[in-house]
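The structure file protein_5.cif is reproduced below (mmCIF, C-alpha atoms and all ligand atoms).
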data_input
#
loop_
_atom_site.group_PDB
_atom_site.id
_atom_site.type_symbol
_atom_site.label_atom_id
_atom_site.label_comp_id
_atom_site.auth_asym_id
_atom_site.auth_seq_id
_atom_site.Cartn_x
_atom_site.Cartn_y
_atom_site.Cartn_z
ATOM 1 C CA MET A 1 -27.442 -30.688 -20.659
ATOM 2 C CA GLY A 2 -24.364 -31.532 -18.611
ATOM 3 C CA LEU A 3 -23.781 -27.863 -17.983
ATOM 4 C CA GLN A 4 -27.338 -27.307 -16.816
ATOM 5 C CA MET A 5 -27.282 -30.301 -14.507
ATOM 6 C CA SER A 6 -24.122 -29.128 -12.820
ATOM 7 C CA LYS A 7 -25.431 -25.603 -12.319
ATOM 8 C CA GLN A 8 -25.600 -24.777 -8.612
ATOM 9 C CA THR A 9 -27.428 -22.061 -6.777
ATOM 10 C CA GLN A 10 -25.052 -19.175 -6.191
ATOM 11 C CA ARG A 11 -25.529 -16.766 -3.339
ATOM 12 C CA ALA A 12 -24.388 -13.225 -4.125
ATOM 13 C CA PHE A 13 -23.966 -10.450 -1.565
ATOM 14 C CA VAL A 14 -22.166 -7.210 -0.962
ATOM 15 C CA PRO A 15 -20.048 -7.549 2.191
ATOM 16 C CA ASP A 16 -20.967 -5.137 4.994
ATOM 17 C CA GLU A 17 -21.113 -5.085 8.818
ATOM 18 C CA SER A 18 -24.454 -6.877 8.845
ATOM 19 C CA ASN A 19 -23.406 -10.002 6.947
ATOM 20 C CA THR A 20 -19.944 -10.863 8.195
ATOM 21 C CA ARG A 21 -21.178 -14.412 8.813
ATOM 22 C CA LEU A 22 -21.761 -14.828 5.079
ATOM 23 C CA LEU A 23 -18.349 -13.407 4.249
ATOM 24 C CA ARG A 24 -16.726 -15.718 6.772
ATOM 25 C CA ASP A 25 -18.514 -18.640 5.122
ATOM 26 C CA ALA A 26 -17.407 -17.519 1.652
ATOM 27 C CA PHE A 27 -13.793 -17.145 2.844
ATOM 28 C CA GLY A 28 -14.155 -20.642 4.273
ATOM 29 C CA ARG A 29 -14.604 -22.035 0.751
ATOM 30 C CA PHE A 30 -10.892 -21.475 0.304
ATOM 31 C CA ALA A 31 -9.398 -24.673 1.726
ATOM 32 C CA THR A 32 -6.224 -24.113 3.706
ATOM 33 C CA GLY A 33 -3.826 -25.985 5.879
ATOM 34 C CA VAL A 34 -3.596 -25.257 9.592
ATOM 35 C CA THR A 35 -0.594 -23.842 11.449
ATOM 36 C CA ILE A 36 0.418 -23.089 15.003
ATOM 37 C CA VAL A 37 2.441 -19.921 15.507
ATOM 38 C CA THR A 38 4.604 -19.751 18.641
ATOM 39 C CA ALA A 39 6.486 -16.946 20.352
ATOM 40 C CA GLN A 40 8.356 -16.395 23.601
ATOM 41 C CA THR A 41 6.924 -13.616 25.773
ATOM 42 C CA PRO A 42 7.517 -12.272 29.302
ATOM 43 C CA GLU A 43 4.419 -14.303 30.275
ATOM 44 C CA GLY A 44 5.891 -17.499 28.865
ATOM 45 C CA VAL A 45 5.212 -19.450 25.683
ATOM 46 C CA VAL A 46 2.295 -18.048 23.677
ATOM 47 C CA ALA A 47 0.778 -19.921 20.740
ATOM 48 C CA ILE A 48 -2.095 -19.457 18.317
ATOM 49 C CA THR A 49 -3.784 -21.675 15.748
ATOM 50 C CA ALA A 50 -3.809 -19.929 12.367
ATOM 51 C CA SER A 51 -5.089 -20.854 8.932
ATOM 52 C CA SER A 52 -4.080 -17.507 7.421
ATOM 53 C CA PHE A 53 -0.515 -18.605 6.688
ATOM 54 C CA SER A 54 0.774 -18.099 3.169
ATOM 55 C CA SER A 55 4.096 -18.517 1.451
ATOM 56 C CA VAL A 56 5.225 -15.260 -0.172
ATOM 57 C CA SER A 57 8.786 -15.163 -1.522
ATOM 58 C CA LEU A 58 11.570 -17.626 -2.331
ATOM 59 C CA THR A 59 14.504 -15.179 -2.376
ATOM 60 C CA PRO A 60 14.493 -13.806 0.163
ATOM 61 C CA ALA A 61 12.463 -16.532 1.893
ATOM 62 C CA MET A 62 9.353 -14.850 3.253
ATOM 63 C CA VAL A 63 5.974 -15.924 4.616
ATOM 64 C CA LEU A 64 2.942 -14.155 6.073
ATOM 65 C CA TRP A 65 0.094 -14.797 8.440
ATOM 66 C CA SER A 66 -2.730 -12.667 9.838
ATOM 67 C CA PRO A 67 -3.446 -12.311 13.559
ATOM 68 C CA ASP A 68 -6.866 -10.997 14.587
ATOM 69 C CA ARG A 69 -6.650 -7.589 16.296
ATOM 70 C CA ASN A 70 -9.552 -8.621 18.530
ATOM 71 C CA SER A 71 -7.745 -11.651 19.895
ATOM 72 C CA ARG A 72 -6.376 -11.264 23.416
ATOM 73 C CA ARG A 73 -3.152 -12.743 22.035
ATOM 74 C CA PHE A 74 -2.743 -10.104 19.386
ATOM 75 C CA PRO A 75 -0.303 -7.843 21.295
ATOM 76 C CA TYR A 76 2.116 -10.727 21.767
ATOM 77 C CA PHE A 77 2.253 -11.585 18.097
ATOM 78 C CA GLU A 78 2.348 -8.018 16.872
ATOM 79 C CA ARG A 79 5.369 -7.451 19.132
ATOM 80 C CA ALA A 80 7.196 -10.741 18.630
ATOM 81 C CA GLU A 81 10.407 -10.108 16.735
ATOM 82 C CA HIS A 82 10.937 -13.841 16.329
ATOM 83 C CA TYR A 83 8.332 -16.559 15.962
ATOM 84 C CA ALA A 84 7.910 -20.012 14.484
ATOM 85 C CA ILE A 85 5.138 -21.244 12.197
ATOM 86 C CA HIS A 86 4.332 -24.962 12.357
ATOM 87 C CA VAL A 87 2.322 -26.655 9.606
ATOM 88 C CA LEU A 88 0.155 -29.291 11.263
ATOM 89 C CA ALA A 89 -0.203 -32.880 10.166
ATOM 90 C CA ALA A 90 -3.618 -34.549 9.995
ATOM 91 C CA ASP A 91 -3.027 -36.319 13.317
ATOM 92 C CA GLN A 92 -2.446 -33.026 15.177
ATOM 93 C CA GLU A 93 -6.122 -32.056 15.449
ATOM 94 C CA ASP A 94 -5.993 -32.118 19.274
ATOM 95 C CA LEU A 95 -3.132 -29.641 19.292
ATOM 96 C CA CYS A 96 -5.027 -27.414 16.860
ATOM 97 C CA PHE A 97 -8.034 -27.169 19.207
ATOM 98 C CA LYS A 98 -6.013 -26.959 22.390
ATOM 99 C CA VAL A 99 -4.054 -23.961 21.124
ATOM 100 C CA ALA A 100 -7.141 -22.346 19.581
ATOM 101 C CA LYS A 101 -8.757 -22.419 23.042
ATOM 102 C CA ASP A 102 -5.747 -21.495 25.130
ATOM 103 C CA ALA A 103 -2.792 -19.217 24.292
ATOM 104 C CA GLY A 104 -0.809 -21.149 26.916
ATOM 105 C CA GLY A 105 -1.927 -24.506 25.513
ATOM 106 C CA LEU A 106 1.624 -25.586 24.725
ATOM 107 C CA ARG A 107 2.967 -24.908 28.215
ATOM 108 C CA GLY A 108 3.829 -28.147 29.914
ATOM 109 C CA LEU A 109 4.838 -29.772 26.633
ATOM 110 C CA ASP A 110 8.474 -30.587 26.108
ATOM 111 C CA LEU A 111 9.236 -27.800 23.623
ATOM 112 C CA GLY A 112 12.619 -27.121 22.093
ATOM 113 C CA GLN A 113 14.027 -23.630 21.654
ATOM 114 C CA ASN A 114 15.688 -22.250 18.554
ATOM 115 C CA ALA A 115 18.703 -19.923 18.302
ATOM 116 C CA GLU A 116 16.448 -16.882 18.783
ATOM 117 C CA GLY A 117 14.819 -18.378 21.893
ATOM 118 C CA VAL A 118 11.543 -19.211 20.139
ATOM 119 C CA PRO A 119 9.697 -22.291 21.445
ATOM 120 C CA VAL A 120 9.472 -24.883 18.672
ATOM 121 C CA LEU A 121 7.398 -28.023 18.205
ATOM 122 C CA GLU A 122 8.925 -31.161 16.751
ATOM 123 C CA GLY A 123 7.243 -33.555 14.371
ATOM 124 C CA CYS A 124 5.095 -31.122 12.375
ATOM 125 C CA LEU A 125 4.795 -31.365 8.580
ATOM 126 C CA ALA A 126 6.922 -28.260 8.217
ATOM 127 C CA ARG A 127 8.350 -25.524 10.396
ATOM 128 C CA PHE A 128 9.391 -22.000 9.470
ATOM 129 C CA GLU A 129 11.484 -20.071 11.993
ATOM 130 C CA CYS A 130 10.961 -16.392 11.282
ATOM 131 C CA THR A 131 12.072 -12.883 12.039
ATOM 132 C CA ARG A 132 9.402 -10.226 11.675
ATOM 133 C CA ARG A 133 10.019 -7.951 8.717
ATOM 134 C CA ALA A 134 6.842 -5.862 8.617
ATOM 135 C CA VAL A 135 3.352 -5.597 10.059
ATOM 136 C CA TYR A 136 0.781 -4.230 7.622
ATOM 137 C CA ASP A 137 -2.733 -2.970 8.125
ATOM 138 C CA GLY A 138 -5.250 -5.672 7.311
ATOM 139 C CA GLY A 139 -8.512 -4.242 8.630
ATOM 140 C CA ASP A 140 -9.554 -6.163 11.742
ATOM 141 C CA HIS A 141 -6.476 -8.343 11.230
ATOM 142 C CA ALA A 142 -2.813 -7.453 10.781
ATOM 143 C CA ILE A 143 -0.601 -8.920 8.086
ATOM 144 C CA VAL A 144 2.667 -10.093 9.584
ATOM 145 C CA LEU A 145 5.410 -10.611 7.043
ATOM 146 C CA GLY A 146 8.490 -12.507 8.149
ATOM 147 C CA VAL A 147 11.823 -13.661 6.797
ATOM 148 C CA VAL A 148 12.428 -17.406 7.162
ATOM 149 C CA ASN A 149 15.757 -17.984 8.908
ATOM 150 C CA ARG A 150 15.442 -21.759 9.088
ATOM 151 C CA ALA A 151 12.985 -24.285 7.705
ATOM 152 C CA GLU A 152 12.448 -27.972 8.134
ATOM 153 C CA MET A 153 9.937 -30.471 6.842
ATOM 154 C CA ARG A 154 8.852 -34.057 7.008
ATOM 155 C CA GLU A 155 8.554 -36.322 3.975
ATOM 156 C CA GLU A 156 5.552 -38.404 5.027
ATOM 157 C CA GLY A 157 2.193 -37.483 6.454
ATOM 158 C CA GLU A 158 -1.150 -36.027 5.466
ATOM 159 C CA ALA A 159 -1.954 -32.381 6.149
ATOM 160 C CA LEU A 160 -4.538 -31.064 8.560
ATOM 161 C CA ALA A 161 -6.966 -29.015 6.480
ATOM 162 C CA PHE A 162 -9.515 -26.297 7.222
ATOM 163 C CA PHE A 163 -12.518 -26.011 4.902
ATOM 164 C CA LYS A 164 -16.014 -24.597 5.441
ATOM 165 C CA GLY A 165 -15.207 -24.026 9.101
ATOM 166 C CA GLN A 166 -14.307 -27.644 9.678
ATOM 167 C CA LEU A 167 -11.154 -29.656 9.947
ATOM 168 C CA GLY A 168 -10.299 -32.298 7.407
ATOM 169 C CA ARG A 169 -7.261 -33.912 5.880
ATOM 170 C CA ILE A 170 -5.418 -33.496 2.615
ATOM 171 C CA CYS A 171 -3.394 -36.280 1.062
ATOM 172 C CA ALA A 172 -1.374 -36.122 -2.116
ATOM 173 C CA HIS A 173 -2.055 -38.894 -4.604
HETATM 174 C C1 LIG B 1 -8.604 -23.730 12.236
HETATM 175 C C2 LIG B 1 -8.420 -22.387 12.912
HETATM 176 C C3 LIG B 1 -7.789 -21.346 12.230
HETATM 177 C C4 LIG B 1 -7.590 -20.095 12.830
HETATM 178 N N1 LIG B 1 -6.922 -19.120 12.146
HETATM 179 C C5 LIG B 1 -6.671 -17.935 12.754
HETATM 180 C C6 LIG B 1 -5.891 -16.941 12.094
HETATM 181 O O1 LIG B 1 -5.425 -17.116 10.973
HETATM 182 N N2 LIG B 1 -5.664 -15.762 12.756
HETATM 183 C C7 LIG B 1 -6.154 -15.530 14.022
HETATM 184 O O2 LIG B 1 -5.919 -14.458 14.564
HETATM 185 N N3 LIG B 1 -6.890 -16.466 14.663
HETATM 186 C C8 LIG B 1 -7.142 -17.650 14.071
HETATM 187 N N4 LIG B 1 -7.862 -18.615 14.751
HETATM 188 C C9 LIG B 1 -8.346 -18.314 16.118
HETATM 189 C C10 LIG B 1 -7.236 -18.467 17.171
HETATM 190 O O3 LIG B 1 -6.602 -19.730 17.047
HETATM 191 C C11 LIG B 1 -7.787 -18.396 18.598
HETATM 192 O O4 LIG B 1 -8.877 -19.263 18.736
HETATM 193 C C12 LIG B 1 -8.201 -16.994 18.988
HETATM 194 O O5 LIG B 1 -7.064 -16.156 18.947
HETATM 195 C C13 LIG B 1 -8.793 -16.977 20.391
HETATM 196 O O6 LIG B 1 -8.955 -15.662 20.839
HETATM 197 P P1 LIG B 1 -8.389 -15.208 22.276
HETATM 198 O O7 LIG B 1 -6.899 -15.161 22.183
HETATM 199 O O8 LIG B 1 -9.001 -13.864 22.473
HETATM 200 O O9 LIG B 1 -8.876 -16.268 23.266
HETATM 201 C C14 LIG B 1 -8.057 -19.869 14.148
HETATM 202 C C15 LIG B 1 -8.707 -20.920 14.835
HETATM 203 C C16 LIG B 1 -8.878 -22.150 14.236
HETATM 204 C C17 LIG B 1 -9.545 -23.269 15.020
#
How does this structure look as structure tokens?
Ligand SMILES: Cc1cc2nc3c(=O)[nH]c(=O)nc-3n(C[C@H](O)[C@H](O)[C@H](O)COP(=O)(O)O)c2cc1C
Amino acid sequence: MGLQMSKQTQRAFVPDESNTRLLRDAFGRFATGVTIVTAQTPEGVVAITASSFSSVSLTPAMVLWSPDRNSRRFPYFERAEHYAIHVLAADQEDLCFKVAKDAGGLRGLDLGQNAEGVPVLEGCLARFECTRRAVYDGGDHAIVLGVVNRAEMREEGEALAFFKGQLGRICAH
């Protein structure tokens, strides 16, 4: 009885070019945090909002994220030897949207710079300062694997979350 009552309608499909919307929606069922990746370029500070971040390895310390090949920012991030990944807190929604809209969205902010010259944001939940190790084929995205040279984190604060195409917050309890 309980089982039957909790049974939900499932939608099954075979992913192809005609139903990428569905696939995007299915991918969106995987709740993630939200990051901002920054790099220094000849054009100035370039940033991108990314939910594709994932931790990979403890020793050596490695993380990955996936830039979209169709993004105008892609060339900057594919080329960036050094970059920083910032895990956003729940109260950084404005920054998330600003950077999603505008690659130069962080210009004008009082950014610090790390030893490799990468622009860094203060006050995020966590920050991973990386050196690119490899860029793998990931279809219409690339998979950028990096070694973490330096990391920092904050004790308090809820996380900004991305779920079903919308922002939310995650708190530990
Ligand atoms: C919550 C969120 C997560 C995103 N995650 C990614 C991502 O993982 N990879 C990516 O390439 N773009 C991601 N984007 C899109 C970029 O932030 C940005 O909007 C896009 O690069 C804009 O394209 P343009 O550079 O051509 O203007 C995300 C956007 C949002 C709002």
Next on the checklist: To check your reading of the model: which residues sit at most 9 Å from ligand LIG 1 (chain B) when counting only C-alpha atoms and all ligand atoms? Write the answer as an MDAnalysis selection string.
Outcome noted: chainID A and resid 32:36 47:53 65:74 96:103 141:142 161:163 165:167
Do you know which residues the PyMOL selection byres (((chain A and resi 170) around 8) and not hetatm) returns on this file, as a PDB file with C-alpha atoms, in the coordinates of the input?
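Saved result, part.pdb, follows:
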ATOM      1  CA  ALA A  90      -3.618 -34.549   9.995  1.00  0.00           C
ATOM      2  CA  GLU A 158      -1.150 -36.027   5.466  1.00  0.00           C
ATOM      3  CA  ALA A 159      -1.954 -32.381   6.149  1.00  0.00           C
ATOM      4  CA  LEU A 160      -4.538 -31.064   8.560  1.00  0.00           C
ATOM      5  CA  ALA A 161      -6.966 -29.015   6.480  1.00  0.00           C
ATOM      6  CA  GLY A 168     -10.299 -32.298   7.407  1.00  0.00           C
ATOM      7  CA  ARG A 169      -7.261 -33.912   5.880  1.00  0.00           C
ATOM      8  CA  CYS A 171      -3.394 -36.280   1.062  1.00  0.00           C
ATOM      9  CA  ALA A 172      -1.374 -36.122  -2.116  1.00  0.00           C
TER      10      ALA A 172
END
Checklist entry - So, counting only C-alpha atoms, which residue among A:Arg132, A:His173, A:Arg11, A:Lys164 is closest to A:Glu78? => result A:Arg132
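For A:Ala151, the list of residues within 7 Å, based on all atoms listed in the file and with local chain neighbours fewer than 5 positions off taken out, reads A:Arg127, A:Phe128, A:Glu129.
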Dump as a tab-separated table (two decimals), keeping the file's coordinate frame, selection limited to C-alpha atoms:
chain	number	residue	atom	x	y	z
A	127	ARG	CA	8.35	-25.52	10.40
A	128	PHE	CA	9.39	-22.00	9.47
A	129	GLU	CA	11.48	-20.07	11.99
Checklist entry - Which of these residues is nearest to A:Glu156, using only C-alpha atoms: A:Cys124, A:Val118, A:Cys130, A:Val45? => result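 Among the listed residues, A:Cys124 lies closest to A:Glu156.
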Next on the checklist: Here is a test: counting only C-alpha atoms, which residue of A:Arg107, A:Arg29, A:Arg21, A:His82 is nearest to A:Arg150?
Outcome noted: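 Result for the nearest residue to A:Arg150: A:His82.
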Checklist entry - Residues picked by the PyMOL selection byres (((chain A and resi 39) around 10) and not hetatm) here, as a VMD selection string? => result chain A and resid 37 to 38 40 to 41 44 to 48 76 to 77 79 to 85 117 to 120
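Relative to atom CA of A:Leu64, atom CA of A:Gly139 is found at 15.4 Å.
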Next on the checklist: Can you translate the PyMOL selection byres (((chain A and resi 154) around 7) and not hetatm) into the concrete residues it hits in this file, as a ChimeraX atom specification?
Outcome noted: /A:125-126,153,155-156
Take the residues just selected and output them with C-alpha atoms as a compact mmCIF listing (two decimals), in the frame of the given file.
# COMPACT_ATOMS: atom_id res chain seq x y z
CA LEU A 125 4.80 -31.36 8.58
CA ALA A 126 6.92 -28.26 8.22
CA MET A 153 9.94 -30.47 6.84
CA GLU A 155 8.55 -36.32 3.98
CA GLU A 156 5.55 -38.40 5.03
Next on the checklist: For a quick check of understanding, using all atoms listed in the file, which of A:Gln113, A:Ser18, A:Gln10, A:Asn149 has the smallest distance to A:Pro60?
Outcome noted: A:Asn149
Item to check | Between atom CA of A:Val147 and atom CA of A:Leu121, distance in Å (one decimal) | outcome: 18.9 Å
Checklist entry - Hey, which of A:Ala26, A:Ala89, A:Ala61, A:Asn114 ends up closest to A:Phe13? Count all atoms listed in the file. => result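 The answer is A:Ala26, which sits nearest to A:Phe13.
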Checklist entry - A:Pro15: which residues within 12 Å, counting only C-alpha atoms, same-chain residues fewer than 6 positions away excluded, as a list in words? => result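 Once the adjacent positions are removed, what remains is Arg21, Leu22, Leu23, Arg24, Asp25, Ala26 and Phe27 of chain A.
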Next on the checklist: I'd like the interatomic distance between atom CA of A:Gln92 and atom CA of A:Gly157, to a tenth of an Å.
Outcome noted: 10.8 Å
Checklist entry - With all atoms listed in the file as the basis for distance, which of A:Asp91, A:Gly138, A:Thr131, A:Val148 is at the shortest distance from A:Ser57? => result A:Val148
How about completing stretch 106-120 of chain A with N, CA and C atoms and giving it to me as a short mmCIF file (atom, residue, chain, number, x, y, z; two decimals), in the frame of the given file?
data_model
loop_
_atom_site.label_atom_id
_atom_site.label_comp_id
_atom_site.auth_asym_id
_atom_site.auth_seq_id
_atom_site.Cartn_x
_atom_site.Cartn_y
_atom_site.Cartn_z
N LEU A 106 0.42 -24.78 24.95
CA LEU A 106 1.62 -25.59 24.72
C LEU A 106 2.51 -25.68 25.97
N ARG A 107 2.15 -24.86 27.00
CA ARG A 107 2.97 -24.91 28.22
C ARG A 107 2.83 -26.29 28.85
N GLY A 108 3.90 -26.80 29.35
CA GLY A 108 3.83 -28.15 29.91
C GLY A 108 4.29 -29.20 28.91
N LEU A 109 4.28 -28.85 27.63
CA LEU A 109 4.84 -29.77 26.63
C LEU A 109 6.36 -29.60 26.62
N ASP A 110 7.02 -30.63 26.15
CA ASP A 110 8.47 -30.59 26.11
C ASP A 110 8.91 -29.90 24.81
N LEU A 111 8.91 -28.55 24.84
CA LEU A 111 9.24 -27.80 23.62
C LEU A 111 10.74 -27.55 23.53
N GLY A 112 11.24 -27.54 22.30
CA GLY A 112 12.62 -27.12 22.09
C GLY A 112 12.67 -25.61 21.98
N GLN A 113 13.87 -25.07 21.82
CA GLN A 113 14.03 -23.63 21.65
C GLN A 113 15.04 -23.39 20.55
N ASN A 114 14.73 -22.48 19.64
CA ASN A 114 15.69 -22.25 18.55
C ASN A 114 16.72 -21.19 18.96
N ALA A 115 17.59 -20.84 18.01
CA ALA A 115 18.70 -19.92 18.30
C ALA A 115 18.21 -18.57 18.78
N GLU A 116 17.00 -18.19 18.39
CA GLU A 116 16.45 -16.88 18.78
C GLU A 116 15.61 -16.99 20.06
N GLY A 117 15.58 -18.19 20.65
CA GLY A 117 14.82 -18.38 21.89
C GLY A 117 13.34 -18.64 21.68
N VAL A 118 12.96 -18.95 20.44
CA VAL A 118 11.54 -19.21 20.14
C VAL A 118 11.21 -20.67 20.46
N PRO A 119 10.11 -20.91 21.18
CA PRO A 119 9.70 -22.29 21.44
C PRO A 119 9.25 -22.98 20.16
N VAL A 120 9.80 -24.17 19.91
CA VAL A 120 9.47 -24.88 18.67
C VAL A 120 8.93 -26.28 18.96
#
